[in-house]
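Trainee: This is the structure, below, for whatever I ask next.
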Amino acid sequence: MNKRLCTGLLALAAALSCKPVTYDVVVVGGGAGGTTAAIEAARNGASVLVIEESPWLGGMLTSAGVSAIDGNYRLRGGLFGEFTDSLAARYGGYEALKSGWVSNILFNPAVGAEILFNMAVKAGVHIRSEKRVQEISPLRRGGWRIDLADGMRFNARLLIDGTELGDIAARVGAEELKDRVSAQDLTYVAIVKFYDHEVPIEKPEGYDVENYRNCCDNPLADNIGGKNPYGQQLWSTEMMLSYGRLPDGKIMLNWPMCANDYFAEYLDMDAGERREVVEKAKQHTLGYLYFLQNELGYRNLGIADDVFPTPDGLPFFPYWREARRIAGRDTMTVEAARHPYDYDLYTRAVAVGDYPVDHHHHQNPRREELSHLWFGKIPSFSVPLGVLIPVKVPDFLVADKAISTSWEMNGSTRLQPVVMGLGQAAGALAALAARSGHQPSVVSASEVQAILLDHGCYLLPFLDLEPSDPGFRELQEKGVRGEVKGIGRSVGWSNETWVNLP
């Protein structure tokens, strides 16, 4: 009998008998990395379950509404490339995805969620959405028991944290890095659209025009030589709104300048305290929309009623830019990105990124102290396998933003393509560990790299050859062996590394 069909029948039987179903891999959290981890593990023969609290897979890409991809436009490999190819096919080509100027790839979050769901189902991933984990405990002979709030129970050979904030890592006792400073601003994104009639909203709780007057060049702005009091350029209203325009004409409101960024120290909060933060961030975003309607005159601009199936039409949760960060077998740093050959991390490379160090601290009371972190220059970079593996907790991996990365480097590793690539690496590693019965920490990086190359992934960010080009695999393999080396350079928003500079 087909293994996936057999697992599905066992799951049904267990549900009826209240006995736990055992999976090779259970991913708690269907974030961007958790989703790609699940897909990759399943494609490599593992039985896989994803448990997600929201109705959708994709995390920040979809459920949080951040449907404008930052970076890696010239590094589209692996599942990230497969996802973007599907978006391009849906909208009529890659040029159609360049609908807003913040990104080369924009899309409706609901479309992204549908694509990821279909990819997961086709791979054989079992999905339990809108489910909350009640308890996680280690099994005596290895692996984990996962109890859901609804009474369902599952066993896992390997557990992967695919949550937005690394909450599962905290629950299983994974040690954290000690360089925490202050959490970045979060954003409660809104997807809005123009209606053919006025759609005014009520004044949100705590609304203060001072929070928004400098979001763009308008009669209320404190225009200081074309800049606001924070030294940010005052863009025109049209530029502000076209920033996140989606291919279907809707607009992603994720504007960092005096708009809907919101600061809170949320990482150590309990569930009730986080709910309060989420509600305050939501009111802050609604205040931005109220400003657009009532101060700038966009009375027919309102929350899209055909994207998120939520009572208020807003995303399921905010865009959390910063998560807990585990202490891993490897730790990625800005210095390792700037000077990769001063370290050996590149020999264990499994994912790539080309975005600068982008920190959001405009709403942080300590913003001046942290100003040196805004848009730090680095070349394109690779991330090593060990960032996914905690130093002490067995049978456990991290696959989203809570990897072992320095607080500064998180400004680049948190971005969607990097997270998706690292999630794919986590899935390959989990499948290998489940198949061999070994701990993830003893599976060689070269085994994981071989699988990723089989699936068209970049290990190193060499722009000389694309995955479809002859010689791509050979170049990547020589790169991680140190037989060829790249020369990186910082080029604005899309940084580069070439083996042979043009």
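A note on labels: chains of the structure tokens are A, B, ... as shown, every chain counts residues from 1, and ligands are counted from 1 in their shown order.
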Need to verify the contact set: range 303-318 of chain A, 6 Å, only C-alpha atoms, exclusion of same-chain residues closer than 4 positions in sequence. Can you return it as an MDAnalysis selection string?
Mentor: chainID A and resid 63:65 110 187:188 190:193
Trainee: Determine, counting only C-alpha atoms, which protein, DNA and RNA residues have an atom within 10 Å of an atom of Leu289 in chain A; residues of the same chain fewer than 2 positions away are not included. Present the result as number ranges by chain.
Mentor: A: 190, 192, 200-201, 203-204, 212, 253, 259-260, 283-287, 291-296, 298-299, 301-303
Trainee: How about saving the chosen residues, C-alpha atoms kept, as an mmCIF file, in the first residue's frame?
Mentor:
```cif
data_model
loop_
_atom_site.group_PDB
_atom_site.id
_atom_site.type_symbol
_atom_site.label_atom_id
_atom_site.label_comp_id
_atom_site.auth_asym_id
_atom_site.auth_seq_id
_atom_site.Cartn_x
_atom_site.Cartn_y
_atom_site.Cartn_z
ATOM 1 C CA ALA A 190 -3.951 45.829 5.958
ATOM 2 C CA VAL A 192 -7.232 47.748 1.146
ATOM 3 C CA PRO A 200 -15.691 55.431 6.190
ATOM 4 C CA ILE A 201 -14.530 53.680 9.340
ATOM 5 C CA LYS A 203 -12.392 56.691 14.643
ATOM 6 C CA PRO A 204 -10.200 53.962 16.194
ATOM 7 C CA TYR A 212 0.484 59.811 10.957
ATOM 8 C CA LEU A 253 -0.561 48.956 3.668
ATOM 9 C CA ALA A 259 2.205 54.857 9.437
ATOM 10 C CA ASN A 260 1.483 51.339 10.694
ATOM 11 C CA GLN A 283 -5.997 49.983 16.234
ATOM 12 C CA HIS A 284 -2.797 51.770 15.184
ATOM 13 C CA THR A 285 -3.216 50.467 11.621
ATOM 14 C CA LEU A 286 -6.886 51.417 11.583
ATOM 15 C CA GLY A 287 -5.773 54.867 12.725
ATOM 16 C CA PHE A 291 -6.016 59.336 8.558
ATOM 17 C CA LEU A 292 -5.993 58.437 4.866
ATOM 18 C CA GLN A 293 -9.773 58.685 4.716
ATOM 19 C CA ASN A 294 -10.363 61.772 6.833
ATOM 20 C CA GLU A 295 -7.206 63.882 6.511
ATOM 21 C CA LEU A 296 -6.097 63.000 2.977
ATOM 22 C CA TYR A 298 -9.476 58.897 0.422
ATOM 23 C CA ARG A 299 -13.020 58.222 1.600
ATOM 24 C CA LEU A 301 -10.362 53.500 0.274
ATOM 25 C CA GLY A 302 -11.298 50.711 2.667
ATOM 26 C CA ILE A 303 -10.308 47.290 3.905
#
```
Trainee: Within 12 Å of range 427-450 of chain A, which residues of range 43-93 of chain A come that close, and what is the closest atom pair and distance in Å for each? Count only C-alpha atoms and give it as a tab-separated table.
Mentor:
```
residue	atom	partner	partner_atom	distance
A:Arg43	CA	A:Ala428	CA	8.8
A:Asn44	CA	A:Ala431	CA	6.1
A:Gly45	CA	A:Ala431	CA	7.0
A:Ala46	CA	A:Ala431	CA	5.5
A:Ser47	CA	A:Ala431	CA	8.8
A:Val48	CA	A:Ala431	CA	9.4
A:Leu49	CA	A:Gly427	CA	11.9
A:Val50	CA	A:Gly427	CA	12.0
A:Gly78	CA	A:Ala428	CA	11.8
A:Leu79	CA	A:Gly427	CA	11.3
```
Trainee: Atoms to include: N, CA and C atoms. Write the selected residues as a PDB file, in the first residue's frame.
Mentor:
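Result file is selection22.pdb:
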```
ATOM      1  N   ARG A  43       8.332  15.374   0.363  1.00  0.00           N
ATOM      2  CA  ARG A  43       8.839  15.005  -0.957  1.00  0.00           C
ATOM      3  C   ARG A  43      10.014  14.044  -0.864  1.00  0.00           C
ATOM      4  N   ASN A  44      10.642  13.994   0.296  1.00  0.00           N
ATOM      5  CA  ASN A  44      11.748  13.057   0.503  1.00  0.00           C
ATOM      6  C   ASN A  44      11.304  11.798   1.238  1.00  0.00           C
ATOM      7  N   GLY A  45      10.003  11.548   1.237  1.00  0.00           N
ATOM      8  CA  GLY A  45       9.501  10.268   1.719  1.00  0.00           C
ATOM      9  C   GLY A  45       9.066  10.224   3.164  1.00  0.00           C
ATOM     10  N   ALA A  46       9.188  11.303   3.902  1.00  0.00           N
ATOM     11  CA  ALA A  46       8.775  11.305   5.297  1.00  0.00           C
ATOM     12  C   ALA A  46       7.264  11.490   5.415  1.00  0.00           C
ATOM     13  N   SER A  47       6.676  10.899   6.435  1.00  0.00           N
ATOM     14  CA  SER A  47       5.282  11.201   6.759  1.00  0.00           C
ATOM     15  C   SER A  47       5.284  12.481   7.591  1.00  0.00           C
ATOM     16  N   VAL A  48       4.451  13.442   7.195  1.00  0.00           N
ATOM     17  CA  VAL A  48       4.560  14.798   7.737  1.00  0.00           C
ATOM     18  C   VAL A  48       3.188  15.339   8.125  1.00  0.00           C
ATOM     19  N   LEU A  49       3.144  15.961   9.294  1.00  0.00           N
ATOM     20  CA  LEU A  49       1.955  16.669   9.769  1.00  0.00           C
ATOM     21  C   LEU A  49       2.326  18.105  10.076  1.00  0.00           C
ATOM     22  N   VAL A  50       1.484  19.046   9.636  1.00  0.00           N
ATOM     23  CA  VAL A  50       1.617  20.452  10.013  1.00  0.00           C
ATOM     24  C   VAL A  50       0.441  20.823  10.906  1.00  0.00           C
ATOM     25  N   GLY A  78      14.789  26.378  -5.814  1.00  0.00           N
ATOM     26  CA  GLY A  78      14.091  25.523  -4.875  1.00  0.00           C
ATOM     27  C   GLY A  78      12.607  25.822  -4.768  1.00  0.00           C
ATOM     28  N   LEU A  79      12.060  25.609  -3.570  1.00  0.00           N
ATOM     29  CA  LEU A  79      10.633  25.838  -3.346  1.00  0.00           C
ATOM     30  C   LEU A  79      10.266  27.305  -3.463  1.00  0.00           C
TER      31      LEU A  79
END
```
Trainee: How close does each residue of range 231-325 of chain A get to range 386-409 of chain A, giving the shortest atom pair and distance in Å to one decimal for every residue with an atom at most 10 Å away, counting only C-alpha atoms, sorted by chain and residue number, as a Markdown table?
Mentor:
```
| residue | atom | partner | partner_atom | distance |
| --- | --- | --- | --- | --- |
| A:Trp320 | CA | A:Lys401 | CA | 9.4 |
| A:Arg321 | CA | A:Lys401 | CA | 8.3 |
| A:Glu322 | CA | A:Lys401 | CA | 7.1 |
| A:Ala323 | CA | A:Ala402 | CA | 5.2 |
| A:Arg324 | CA | A:Ala402 | CA | 5.1 |
| A:Arg325 | CA | A:Ala402 | CA | 4.3 |
```
Trainee: Just asking: which residues within range 125-371 of chain A are helix (DSSP H, G or I) according to DSSP, as a ChimeraX atom specification?
Mentor: /A:167-171,209-211,237-242,271-294,334-338,340-342,345-348,371
Trainee: Those same residues - N, CA and C atoms - I'd like them written as a compact mmCIF listing (two decimals), in the first residue's frame.
Mentor:
```
# COMPACT_ATOMS: atom_id res chain seq x y z
N ASP A 167 8.09 30.09 19.49
CA ASP A 167 7.48 29.73 20.78
C ASP A 167 7.65 28.26 21.12
N ILE A 168 7.70 27.40 20.11
CA ILE A 168 7.89 25.97 20.39
C ILE A 168 9.30 25.71 20.87
N ALA A 169 10.27 26.41 20.30
CA ALA A 169 11.65 26.28 20.78
C ALA A 169 11.73 26.62 22.26
N ALA A 170 11.02 27.66 22.67
CA ALA A 170 11.02 28.03 24.08
C ALA A 170 10.37 26.95 24.93
N ARG A 171 9.30 26.37 24.43
CA ARG A 171 8.58 25.36 25.21
C ARG A 171 9.37 24.09 25.40
N VAL A 209 -3.73 62.15 15.43
CA VAL A 209 -3.24 62.56 14.11
C VAL A 209 -1.72 62.71 14.09
N GLU A 210 -1.12 62.99 15.25
CA GLU A 210 0.34 63.16 15.31
C GLU A 210 1.08 61.90 14.90
N ASN A 211 0.45 60.74 15.05
CA ASN A 211 1.12 59.49 14.69
C ASN A 211 1.31 59.33 13.19
N THR A 237 1.87 61.26 -1.79
CA THR A 237 0.81 60.34 -1.42
C THR A 237 0.69 59.21 -2.43
N GLU A 238 0.81 59.53 -3.70
CA GLU A 238 0.72 58.50 -4.74
C GLU A 238 1.84 57.48 -4.60
N MET A 239 3.06 57.93 -4.32
CA MET A 239 4.16 56.99 -4.12
C MET A 239 3.91 56.11 -2.90
N MET A 240 3.36 56.69 -1.85
CA MET A 240 3.07 55.91 -0.65
C MET A 240 2.06 54.80 -0.96
N LEU A 241 1.01 55.11 -1.70
CA LEU A 241 -0.02 54.13 -1.97
C LEU A 241 0.40 53.12 -3.04
N SER A 242 1.24 53.55 -3.99
CA SER A 242 1.67 52.61 -5.03
C SER A 242 2.78 51.69 -4.56
N ALA A 271 0.31 34.91 26.65
CA ALA A 271 -0.68 34.98 25.57
C ALA A 271 -1.63 36.16 25.73
N GLY A 272 -2.06 36.42 26.96
CA GLY A 272 -2.97 37.53 27.19
C GLY A 272 -2.33 38.88 26.90
N GLU A 273 -1.10 39.05 27.29
CA GLU A 273 -0.39 40.31 27.03
C GLU A 273 -0.17 40.50 25.53
N ARG A 274 0.14 39.42 24.83
CA ARG A 274 0.31 39.54 23.38
C ARG A 274 -0.99 39.91 22.70
N ARG A 275 -2.09 39.37 23.16
CA ARG A 275 -3.38 39.73 22.58
C ARG A 275 -3.64 41.23 22.72
N GLU A 276 -3.26 41.79 23.85
CA GLU A 276 -3.41 43.24 24.04
C GLU A 276 -2.54 44.00 23.06
N VAL A 277 -1.30 43.56 22.86
CA VAL A 277 -0.40 44.21 21.90
C VAL A 277 -0.98 44.13 20.50
N VAL A 278 -1.47 42.95 20.13
CA VAL A 278 -2.04 42.76 18.80
C VAL A 278 -3.21 43.70 18.59
N GLU A 279 -4.06 43.85 19.59
CA GLU A 279 -5.21 44.74 19.44
C GLU A 279 -4.76 46.20 19.33
N LYS A 280 -3.76 46.59 20.09
CA LYS A 280 -3.26 47.97 19.99
C LYS A 280 -2.62 48.22 18.63
N ALA A 281 -1.87 47.22 18.12
CA ALA A 281 -1.27 47.36 16.79
C ALA A 281 -2.35 47.45 15.72
N LYS A 282 -3.41 46.68 15.88
CA LYS A 282 -4.52 46.72 14.93
C LYS A 282 -5.18 48.10 14.95
N GLN A 283 -5.40 48.65 16.14
CA GLN A 283 -6.00 49.98 16.23
C GLN A 283 -5.08 51.04 15.62
N HIS A 284 -3.76 50.84 15.77
CA HIS A 284 -2.80 51.77 15.18
C HIS A 284 -2.91 51.76 13.65
N THR A 285 -3.05 50.57 13.07
CA THR A 285 -3.22 50.47 11.62
C THR A 285 -4.54 51.07 11.17
N LEU A 286 -5.60 50.81 11.92
CA LEU A 286 -6.89 51.42 11.58
C LEU A 286 -6.82 52.94 11.70
N GLY A 287 -5.99 53.43 12.63
CA GLY A 287 -5.77 54.87 12.72
C GLY A 287 -5.12 55.43 11.47
N TYR A 288 -4.20 54.68 10.90
CA TYR A 288 -3.56 55.07 9.64
C TYR A 288 -4.60 55.16 8.52
N LEU A 289 -5.45 54.14 8.44
CA LEU A 289 -6.50 54.16 7.42
C LEU A 289 -7.47 55.32 7.67
N TYR A 290 -7.81 55.58 8.92
CA TYR A 290 -8.69 56.69 9.26
C TYR A 290 -8.06 58.01 8.82
N PHE A 291 -6.74 58.14 9.00
CA PHE A 291 -6.02 59.34 8.56
C PHE A 291 -6.12 59.49 7.04
N LEU A 292 -5.90 58.38 6.32
CA LEU A 292 -5.99 58.44 4.87
C LEU A 292 -7.39 58.87 4.42
N GLN A 293 -8.40 58.36 5.09
CA GLN A 293 -9.77 58.69 4.72
C GLN A 293 -10.15 60.12 5.08
N ASN A 294 -9.82 60.53 6.30
CA ASN A 294 -10.36 61.77 6.83
C ASN A 294 -9.44 62.98 6.70
N VAL A 334 26.62 39.27 10.79
CA VAL A 334 26.89 40.23 9.74
C VAL A 334 28.33 40.11 9.25
N GLU A 335 29.25 39.88 10.16
CA GLU A 335 30.66 39.74 9.76
C GLU A 335 30.86 38.53 8.86
N ALA A 336 30.14 37.45 9.13
CA ALA A 336 30.23 36.27 8.27
C ALA A 336 29.65 36.54 6.89
N ALA A 337 28.65 37.43 6.83
CA ALA A 337 28.10 37.82 5.53
C ALA A 337 29.08 38.71 4.77
N ARG A 338 29.72 39.63 5.49
CA ARG A 338 30.64 40.56 4.82
C ARG A 338 31.95 39.91 4.43
N PRO A 340 32.83 36.19 4.13
CA PRO A 340 32.49 34.77 4.25
C PRO A 340 33.68 33.84 4.32
N TYR A 341 34.80 34.23 3.71
CA TYR A 341 35.93 33.30 3.66
C TYR A 341 36.87 33.45 4.86
N ASP A 342 36.48 34.31 5.80
CA ASP A 342 37.17 34.34 7.09
C ASP A 342 36.59 33.31 8.05
N LEU A 345 31.63 28.81 7.58
CA LEU A 345 30.18 28.60 7.50
C LEU A 345 29.73 28.31 6.08
N TYR A 346 30.42 28.89 5.09
CA TYR A 346 30.00 28.70 3.70
C TYR A 346 30.09 27.24 3.28
N THR A 347 30.93 26.44 3.94
CA THR A 347 31.06 25.03 3.58
C THR A 347 29.81 24.24 3.95
N ARG A 348 28.98 24.80 4.83
CA ARG A 348 27.73 24.15 5.26
C ARG A 348 26.51 24.93 4.75
N SER A 371 20.15 53.55 15.47
CA SER A 371 20.10 54.05 14.09
C SER A 371 21.18 53.44 13.20
```
